[in-house]
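Have a look at the structure below, then the notes.
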Amino acid sequence: MPASTETHAFTGAAGRIDCAVDWPDGTPRGWALVLHPHPLQGGARENKVVTTLSRACVQHGLVAVRPNFRGVGLSEGEFDKSVGETQDMLAVVAQMRERHPELASAPWVLAGFSFGTAVAAQTYAALADQGDAVLPSALMLMGPAVNRFQSHEVQVPGDTLMVHGEEDEVVPLSEAMDWARPRSIPVVVIPGASHFFHGKLLVLRQLVQAHLKVKLD
């Protein structure tokens, strides 16, 4: 559990981006941006997969930022099929660095679940294209639906953590494999897991914690 959770407003092209910010105990070693599933299908920052990712990051000493995408909660604007959402997340990254200069050059992590994976992958690719000096130390995609919502072809690191449920009823495992194959990204498959990882969240958290240990320690 986070030591404390605050609510902060960031600003994107469509207006307010409402974010929950989970703080760890002690001085943060870096931060994480954790992105939720499809806004038009009930996705929000309180999603259990999102909060599981956030807790794993907080336990690793990271400040975890959980935005609501456009049209969710107090965030302004309308669903934009990942295009506007990606621009919003680039704005959140820039504003986090401005507001917290002590974290501006610290390691950070970019993670997403379902629709959030498309935004996360495109955010990473945009930062890389811009020659950003502090790219995420880890990119983590859970139940990835990147192929469904990417506005353009993206390249992501070969050591990206992709986790998929064997029995995903929303995004078939074969679809994730088709996206990962040309990028040579390994896919970790949790046996018996559904799209929302019901009954498998502990396994998911352990996978994330192990990845963070490798990438950040």
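Please note that chains go A, B, ... in the order of the structure tokens, that every chain numbers its residues from 1, and that ligands are numbered from 1 in the order shown.
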
task = Check the DSSP output for the backbone and give back, as a PyMOL selection string, the residues of chain A in helix (DSSP H, G or I).
result = chain A and resi 39-41+48-59+83-99+101-103+115-129+146-149+173-183+201-216

query = Could you name the residues that touch region 144-159 of chain A at 7 Å or less, counting only C-alpha atoms, but leaving out those on the same chain fewer than 2 positions away, as number ranges by chain?
reply = A: 81-83, 113-115, 117-118, 121-122, 125, 141-142, 161, 171, 176, 179, 183-185

Output the selection as a short mmCIF file (atom, residue, chain, number, x, y, z; two decimals), in the first residue's frame - all heavy atoms for each residue.
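Result file again-v6.cif:
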data_model
loop_
_atom_site.label_atom_id
_atom_site.label_comp_id
_atom_site.auth_asym_id
_atom_site.auth_seq_id
_atom_site.Cartn_x
_atom_site.Cartn_y
_atom_site.Cartn_z
N LYS A 81 -9.20 7.65 -29.20
CA LYS A 81 -8.62 6.45 -29.84
C LYS A 81 -7.12 6.34 -29.68
O LYS A 81 -6.44 5.82 -30.55
CB LYS A 81 -9.01 6.42 -31.32
CG LYS A 81 -10.50 6.43 -31.57
CD LYS A 81 -10.83 6.45 -33.05
CE LYS A 81 -12.33 6.49 -33.28
NZ LYS A 81 -12.67 6.55 -34.73
N SER A 82 -6.59 6.86 -28.60
CA SER A 82 -5.18 6.80 -28.17
C SER A 82 -4.34 7.95 -28.70
O SER A 82 -3.23 8.17 -28.23
CB SER A 82 -4.50 5.48 -28.54
OG SER A 82 -3.97 5.47 -29.86
N VAL A 83 -4.85 8.71 -29.68
CA VAL A 83 -4.05 9.81 -30.26
C VAL A 83 -3.92 10.96 -29.26
O VAL A 83 -2.82 11.34 -28.85
CB VAL A 83 -4.66 10.31 -31.58
CG1 VAL A 83 -3.83 11.47 -32.14
CG2 VAL A 83 -4.73 9.17 -32.60
N PHE A 113 -2.20 -1.15 -19.07
CA PHE A 113 -3.03 -2.35 -19.13
C PHE A 113 -4.06 -2.17 -20.23
O PHE A 113 -4.74 -1.15 -20.30
CB PHE A 113 -3.70 -2.58 -17.77
CG PHE A 113 -4.80 -3.62 -17.79
CD1 PHE A 113 -4.60 -4.85 -18.38
CD2 PHE A 113 -6.03 -3.35 -17.23
CE1 PHE A 113 -5.61 -5.80 -18.43
CE2 PHE A 113 -7.06 -4.29 -17.24
CZ PHE A 113 -6.85 -5.52 -17.85
N SER A 114 -4.17 -3.17 -21.11
CA SER A 114 -5.17 -3.20 -22.17
C SER A 114 -5.04 -1.95 -23.07
O SER A 114 -3.98 -1.73 -23.64
CB SER A 114 -6.57 -3.34 -21.55
OG SER A 114 -7.52 -3.69 -22.52
N PHE A 115 -6.09 -1.12 -23.18
CA PHE A 115 -5.98 0.10 -23.98
C PHE A 115 -4.79 0.94 -23.53
O PHE A 115 -4.11 1.57 -24.37
CB PHE A 115 -7.27 0.92 -23.85
CG PHE A 115 -7.19 2.31 -24.42
CD1 PHE A 115 -7.29 2.53 -25.78
CD2 PHE A 115 -7.01 3.41 -23.58
CE1 PHE A 115 -7.21 3.82 -26.32
CE2 PHE A 115 -6.93 4.69 -24.10
CZ PHE A 115 -7.04 4.89 -25.47
N THR A 117 -1.94 0.04 -22.81
CA THR A 117 -0.68 -0.38 -23.41
C THR A 117 -0.42 0.34 -24.73
O THR A 117 0.73 0.61 -25.07
CB THR A 117 -0.65 -1.91 -23.66
OG1 THR A 117 -1.67 -2.27 -24.63
CG2 THR A 117 -0.85 -2.68 -22.38
N ALA A 118 -1.49 0.65 -25.46
CA ALA A 118 -1.32 1.38 -26.72
C ALA A 118 -0.80 2.78 -26.45
O ALA A 118 0.10 3.27 -27.14
CB ALA A 118 -2.65 1.44 -27.48
N ALA A 121 2.92 2.46 -25.20
CA ALA A 121 3.86 2.17 -26.28
C ALA A 121 4.07 3.39 -27.17
O ALA A 121 5.20 3.71 -27.56
CB ALA A 121 3.35 1.00 -27.11
N GLN A 122 3.00 4.11 -27.47
CA GLN A 122 3.13 5.28 -28.32
C GLN A 122 3.82 6.43 -27.59
O GLN A 122 4.55 7.21 -28.21
CB GLN A 122 1.74 5.70 -28.83
CG GLN A 122 1.19 4.69 -29.82
CD GLN A 122 -0.22 4.97 -30.29
OE1 GLN A 122 -0.61 4.52 -31.35
NE2 GLN A 122 -1.01 5.67 -29.50
N ALA A 125 7.50 5.57 -27.75
CA ALA A 125 8.02 5.80 -29.10
C ALA A 125 8.17 7.29 -29.39
O ALA A 125 9.15 7.72 -30.01
CB ALA A 125 7.10 5.14 -30.13
N LEU A 141 3.80 -3.86 -20.36
CA LEU A 141 2.53 -3.91 -21.07
C LEU A 141 1.77 -5.15 -20.63
O LEU A 141 2.20 -6.28 -20.88
CB LEU A 141 2.77 -3.95 -22.59
CG LEU A 141 3.69 -2.86 -23.15
CD1 LEU A 141 3.90 -3.07 -24.65
CD2 LEU A 141 3.14 -1.46 -22.87
N MET A 142 0.60 -4.95 -19.99
CA MET A 142 -0.19 -6.05 -19.45
C MET A 142 -1.49 -6.23 -20.25
O MET A 142 -2.22 -5.26 -20.46
CB MET A 142 -0.55 -5.77 -17.98
CG MET A 142 0.64 -5.34 -17.14
SD MET A 142 1.89 -6.66 -17.07
CE MET A 142 3.37 -5.71 -16.75
N LEU A 161 8.52 -5.73 -20.81
CA LEU A 161 7.81 -6.81 -20.12
C LEU A 161 6.38 -6.86 -20.65
O LEU A 161 5.59 -5.94 -20.43
CB LEU A 161 7.80 -6.58 -18.61
CG LEU A 161 6.98 -7.60 -17.80
CD1 LEU A 161 7.60 -9.00 -17.93
CD2 LEU A 161 6.88 -7.19 -16.33
N VAL A 171 -8.62 -9.77 -25.57
CA VAL A 171 -7.53 -9.72 -26.56
C VAL A 171 -6.92 -11.12 -26.63
O VAL A 171 -6.20 -11.52 -25.71
CB VAL A 171 -6.45 -8.69 -26.16
CG1 VAL A 171 -5.36 -8.64 -27.22
CG2 VAL A 171 -7.06 -7.32 -25.95
N ALA A 176 -1.64 -10.78 -29.28
CA ALA A 176 -0.45 -10.24 -28.62
C ALA A 176 0.81 -10.83 -29.24
O ALA A 176 1.80 -10.10 -29.44
CB ALA A 176 -0.51 -10.56 -27.12
N TRP A 179 1.73 -9.15 -32.49
CA TRP A 179 2.36 -7.83 -32.33
C TRP A 179 3.79 -7.97 -31.83
O TRP A 179 4.69 -7.24 -32.25
CB TRP A 179 1.55 -6.96 -31.36
CG TRP A 179 2.03 -5.55 -31.31
CD1 TRP A 179 1.76 -4.55 -32.21
CD2 TRP A 179 2.89 -4.97 -30.32
NE1 TRP A 179 2.39 -3.39 -31.84
CE2 TRP A 179 3.09 -3.60 -30.69
CE3 TRP A 179 3.49 -5.45 -29.17
CZ2 TRP A 179 3.88 -2.74 -29.93
CZ3 TRP A 179 4.28 -4.60 -28.41
CH2 TRP A 179 4.47 -3.25 -28.80
N ARG A 183 8.79 -7.73 -33.38
CA ARG A 183 9.61 -6.88 -32.52
C ARG A 183 10.53 -7.70 -31.62
O ARG A 183 11.28 -7.14 -30.82
CB ARG A 183 8.70 -5.98 -31.68
CG ARG A 183 7.92 -4.99 -32.54
CD ARG A 183 6.80 -4.31 -31.77
NE ARG A 183 6.15 -3.29 -32.59
CZ ARG A 183 5.21 -3.55 -33.49
NH1 ARG A 183 4.79 -4.79 -33.69
NH2 ARG A 183 4.69 -2.58 -34.22
N SER A 184 10.43 -9.02 -31.75
CA SER A 184 11.26 -9.94 -30.96
C SER A 184 11.12 -9.71 -29.46
O SER A 184 12.10 -9.74 -28.71
CB SER A 184 12.73 -9.83 -31.38
OG SER A 184 12.89 -10.19 -32.75
N ILE A 185 9.89 -9.45 -29.02
CA ILE A 185 9.62 -9.23 -27.60
C ILE A 185 9.06 -10.51 -26.99
O ILE A 185 8.04 -11.02 -27.47
CB ILE A 185 8.61 -8.07 -27.41
CG1 ILE A 185 9.16 -6.78 -28.00
CG2 ILE A 185 8.29 -7.89 -25.92
CD1 ILE A 185 8.16 -5.64 -28.00
#

key: Given only C-alpha atoms as the counted atoms, nearest of A:Gln130, A:Val21, A:Glu78, A:Arg29 to Ala104 (chain A)   = A:Arg29

Kindly assemble as JSON lines a list of the region 59-121 of chain A residues that lie within 10 Å of region 16-20 of chain A, each paired with its nearest atom pair and their distance in Å to one decimal, using only C-alpha atoms, sorted first by chain and then by ascending residue number.
{"residue": "A:Ala64", "atom": "CA", "partner": "A:Ala20", "partner_atom": "CA", "distance": 8.1}
{"residue": "A:Val65", "atom": "CA", "partner": "A:Ala20", "partner_atom": "CA", "distance": 5.9}
{"residue": "A:Arg66", "atom": "CA", "partner": "A:Ala20", "partner_atom": "CA", "distance": 5.1}
{"residue": "A:Pro67", "atom": "CA", "partner": "A:Cys19", "partner_atom": "CA", "distance": 4.0}
{"residue": "A:Asn68", "atom": "CA", "partner": "A:Asp18", "partner_atom": "CA", "distance": 5.7}
{"residue": "A:Phe69", "atom": "CA", "partner": "A:Ile17", "partner_atom": "CA", "distance": 7.0}
{"residue": "A:Arg70", "atom": "CA", "partner": "A:Ile17", "partner_atom": "CA", "distance": 7.2}
{"residue": "A:Gly71", "atom": "CA", "partner": "A:Ile17", "partner_atom": "CA", "distance": 9.4}
{"residue": "A:Val72", "atom": "CA", "partner": "A:Asp18", "partner_atom": "CA", "distance": 8.6}
{"residue": "A:Gly73", "atom": "CA", "partner": "A:Asp18", "partner_atom": "CA", "distance": 7.4}
{"residue": "A:Leu74", "atom": "CA", "partner": "A:Asp18", "partner_atom": "CA", "distance": 5.7}
{"residue": "A:Ser75", "atom": "CA", "partner": "A:Ile17", "partner_atom": "CA", "distance": 4.6}
{"residue": "A:Glu76", "atom": "CA", "partner": "A:Arg16", "partner_atom": "CA", "distance": 5.2}
{"residue": "A:Gly77", "atom": "CA", "partner": "A:Arg16", "partner_atom": "CA", "distance": 8.1}
{"residue": "A:Glu85", "atom": "CA", "partner": "A:Ile17", "partner_atom": "CA", "distance": 9.9}
{"residue": "A:Asp88", "atom": "CA", "partner": "A:Ile17", "partner_atom": "CA", "distance": 7.6}
{"residue": "A:Met89", "atom": "CA", "partner": "A:Ile17", "partner_atom": "CA", "distance": 9.0}
{"residue": "A:Ala91", "atom": "CA", "partner": "A:Ile17", "partner_atom": "CA", "distance": 9.4}
{"residue": "A:Val92", "atom": "CA", "partner": "A:Ile17", "partner_atom": "CA", "distance": 8.2}

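Across the model, the gap from CA of Ala14 (chain A) to CA of Met140 (chain A) is 26.3 Å.
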
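Between Leu202 (chain A) and the candidates A:Val49, A:Ala9, A:Leu216, A:Ala32, the tightest atom-to-atom separation, counting only C-alpha atoms, involves A:Val49.
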
key: Shell around Leu204 (chain A) at 12 Å using only C-alpha atoms, local window under 2 positions removed, as a VMD selection string   = chain A and resid 48 to 56 113 140 to 143 161 to 165 188 to 191 193 to 202 206 to 211

Can you spit out the residues from that selection as a compact mmCIF listing (two decimals), in the first residue's frame, using C-alpha atoms?
# COMPACT_ATOMS: atom_id res chain seq x y z
CA LYS A 48 -7.44 -3.58 -10.08
CA VAL A 49 -4.68 -4.34 -12.58
CA VAL A 50 -3.66 -0.68 -12.57
CA THR A 51 -3.60 -0.48 -8.77
CA THR A 52 -1.64 -3.74 -8.64
CA LEU A 53 0.98 -2.25 -10.96
CA SER A 54 1.02 0.94 -8.93
CA ARG A 55 1.54 -0.89 -5.63
CA ALA A 56 4.41 -2.89 -7.07
CA PHE A 113 -3.03 -2.35 -19.13
CA MET A 140 5.56 -2.89 -19.01
CA LEU A 141 2.53 -3.91 -21.07
CA MET A 142 -0.19 -6.05 -19.45
CA GLY A 143 -2.94 -7.67 -21.52
CA LEU A 161 7.81 -6.81 -20.12
CA MET A 162 4.69 -8.16 -21.87
CA VAL A 163 2.33 -10.25 -19.77
CA HIS A 164 -0.77 -11.92 -21.19
CA GLY A 165 -3.42 -14.24 -19.87
CA VAL A 188 5.06 -14.02 -20.46
CA VAL A 189 1.87 -16.09 -20.41
CA ILE A 190 0.06 -16.69 -17.11
CA PRO A 191 -1.72 -20.06 -17.35
CA ALA A 193 -5.52 -16.07 -16.61
CA SER A 194 -8.30 -13.98 -18.13
CA HIS A 195 -7.96 -10.49 -19.56
CA PHE A 196 -8.43 -8.92 -16.12
CA PHE A 197 -6.13 -11.47 -14.43
CA HIS A 198 -8.87 -12.54 -11.99
CA GLY A 199 -7.29 -14.64 -9.25
CA LYS A 200 -3.85 -14.02 -10.78
CA LEU A 201 -3.03 -10.51 -9.56
CA LEU A 202 -0.48 -11.81 -7.06
CA GLN A 206 5.44 -10.78 -8.56
CA LEU A 207 6.38 -10.63 -12.25
CA VAL A 208 6.40 -6.82 -12.14
CA GLN A 209 8.45 -6.73 -8.95
CA ALA A 210 11.03 -9.12 -10.42
CA HIS A 211 11.28 -7.00 -13.57

query = Skipping near chain neighbours, those fewer than 4 positions away, what residues fall within 9 Å of Leu103 (chain A) using only C-alpha atoms, listed as a ChimeraX atom specification?
reply = /A:28-31,96-97,99,107-108

query = Which residues in region 1-175 of chain A does DSSP call strand (DSSP E or B)? List them as a ChimeraX atom specification.
reply = /A:4-12,15-23,30-35,62-67,108-113,138-142,161-165

Output N, CA and C atoms of each residue in that selection to a file, as a compact mmCIF listing (two decimals), in the first residue's frame.
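The resulting file, part17.txt, is shown below:
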# COMPACT_ATOMS: atom_id res chain seq x y z
N SER A 4 0.94 7.33 1.08
CA SER A 4 -0.13 8.32 0.94
C SER A 4 -0.52 8.43 -0.53
N THR A 5 -1.74 8.84 -0.79
CA THR A 5 -2.22 9.07 -2.14
C THR A 5 -2.82 10.46 -2.23
N GLU A 6 -2.36 11.22 -3.21
CA GLU A 6 -2.85 12.57 -3.42
C GLU A 6 -3.49 12.66 -4.81
N THR A 7 -4.29 13.70 -5.00
CA THR A 7 -4.88 13.95 -6.31
C THR A 7 -4.29 15.23 -6.88
N HIS A 8 -3.80 15.16 -8.11
CA HIS A 8 -3.20 16.31 -8.75
C HIS A 8 -3.79 16.49 -10.15
N ALA A 9 -3.93 17.72 -10.58
CA ALA A 9 -4.41 18.02 -11.93
C ALA A 9 -3.24 18.44 -12.80
N PHE A 10 -3.12 17.78 -13.93
CA PHE A 10 -2.18 18.19 -14.96
C PHE A 10 -2.99 18.78 -16.10
N THR A 11 -2.33 19.33 -17.11
CA THR A 11 -3.04 19.99 -18.19
C THR A 11 -2.62 19.44 -19.54
N GLY A 12 -3.61 18.99 -20.31
CA GLY A 12 -3.38 18.52 -21.67
C GLY A 12 -4.10 19.38 -22.67
N GLY A 15 -7.64 19.93 -21.81
CA GLY A 15 -7.92 20.49 -20.49
C GLY A 15 -7.35 19.64 -19.38
N ARG A 16 -8.09 19.54 -18.30
CA ARG A 16 -7.63 18.89 -17.07
C ARG A 16 -7.36 17.41 -17.28
N ILE A 17 -6.23 16.94 -16.73
CA ILE A 17 -5.92 15.51 -16.63
C ILE A 17 -5.87 15.20 -15.14
N ASP A 18 -6.86 14.48 -14.66
CA ASP A 18 -6.98 14.21 -13.23
C ASP A 18 -6.17 12.98 -12.87
N CYS A 19 -5.24 13.11 -11.95
CA CYS A 19 -4.32 12.02 -11.61
C CYS A 19 -4.32 11.72 -10.12
N ALA A 20 -4.26 10.45 -9.79
CA ALA A 20 -3.94 10.01 -8.44
C ALA A 20 -2.43 9.79 -8.39
N VAL A 21 -1.82 10.23 -7.32
CA VAL A 21 -0.36 10.10 -7.17
C VAL A 21 -0.09 9.35 -5.87
N ASP A 22 0.46 8.15 -6.01
CA ASP A 22 0.76 7.29 -4.86
C ASP A 22 2.22 7.48 -4.47
N TRP A 23 2.44 7.82 -3.20
CA TRP A 23 3.80 8.09 -2.70
C TRP A 23 4.31 6.95 -1.86
N GLY A 30 12.49 7.31 -7.83
CA GLY A 30 12.07 7.58 -9.20
C GLY A 30 10.55 7.61 -9.25
N TRP A 31 9.99 7.42 -10.42
CA TRP A 31 8.54 7.49 -10.52
C TRP A 31 8.03 6.57 -11.62
N ALA A 32 6.71 6.38 -11.66
CA ALA A 32 6.08 5.51 -12.64
C ALA A 32 4.81 6.15 -13.15
N LEU A 33 4.52 5.94 -14.42
CA LEU A 33 3.27 6.39 -15.04
C LEU A 33 2.50 5.13 -15.43
N VAL A 34 1.32 4.94 -14.83
CA VAL A 34 0.56 3.69 -14.97
C VAL A 34 -0.79 4.00 -15.61
N LEU A 35 -1.08 3.35 -16.75
CA LEU A 35 -2.21 3.76 -17.60
C LEU A 35 -3.30 2.69 -17.66
N LEU A 62 9.05 3.92 -5.90
CA LEU A 62 8.68 4.86 -6.95
C LEU A 62 7.39 5.60 -6.60
N VAL A 63 7.31 6.85 -7.02
CA VAL A 63 6.04 7.59 -7.00
C VAL A 63 5.23 7.10 -8.19
N ALA A 64 4.01 6.64 -7.97
CA ALA A 64 3.19 6.11 -9.05
C ALA A 64 2.08 7.11 -9.41
N VAL A 65 2.07 7.53 -10.66
CA VAL A 65 1.06 8.47 -11.17
C VAL A 65 0.04 7.69 -11.98
N ARG A 66 -1.24 7.77 -11.58
CA ARG A 66 -2.33 7.05 -12.25
C ARG A 66 -3.32 8.06 -12.81
N PRO A 67 -3.19 8.43 -14.09
CA PRO A 67 -4.12 9.39 -14.67
C PRO A 67 -5.45 8.75 -15.04
N TRP A 108 12.60 6.13 -14.30
CA TRP A 108 11.15 6.07 -14.26
C TRP A 108 10.65 4.92 -15.12
N VAL A 109 9.39 4.57 -14.88
CA VAL A 109 8.79 3.38 -15.47
C VAL A 109 7.48 3.77 -16.15
N LEU A 110 7.22 3.16 -17.29
CA LEU A 110 5.99 3.40 -18.04
C LEU A 110 5.24 2.08 -18.16
N ALA A 111 4.00 2.05 -17.69
CA ALA A 111 3.24 0.79 -17.67
C ALA A 111 1.81 1.04 -18.11
N GLY A 112 1.21 0.02 -18.71
CA GLY A 112 -0.18 0.14 -19.13
C GLY A 112 -0.87 -1.20 -19.13
N PHE A 113 -2.20 -1.15 -19.07
CA PHE A 113 -3.03 -2.35 -19.13
C PHE A 113 -4.06 -2.17 -20.23
N ALA A 138 12.04 1.09 -17.73
CA ALA A 138 11.27 -0.13 -17.98
C ALA A 138 9.95 0.24 -18.63
N LEU A 139 9.55 -0.58 -19.61
CA LEU A 139 8.23 -0.47 -20.25
C LEU A 139 7.51 -1.78 -19.98
N MET A 140 6.30 -1.70 -19.41
CA MET A 140 5.56 -2.89 -19.01
C MET A 140 4.15 -2.84 -19.59
N LEU A 141 3.80 -3.86 -20.36
CA LEU A 141 2.53 -3.91 -21.07
C LEU A 141 1.77 -5.15 -20.63
N MET A 142 0.60 -4.95 -19.99
CA MET A 142 -0.19 -6.05 -19.45
C MET A 142 -1.49 -6.23 -20.25
N LEU A 161 8.52 -5.73 -20.81
CA LEU A 161 7.81 -6.81 -20.12
C LEU A 161 6.38 -6.86 -20.65
N MET A 162 6.05 -7.92 -21.39
CA MET A 162 4.69 -8.16 -21.87
C MET A 162 4.13 -9.36 -21.14
N VAL A 163 2.98 -9.17 -20.50
CA VAL A 163 2.33 -10.25 -19.77
C VAL A 163 0.92 -10.41 -20.30
N HIS A 164 0.55 -11.66 -20.62
CA HIS A 164 -0.77 -11.92 -21.19
C HIS A 164 -1.39 -13.13 -20.51
N GLY A 165 -2.70 -13.11 -20.42
CA GLY A 165 -3.42 -14.24 -19.87
C GLY A 165 -3.66 -15.31 -20.92
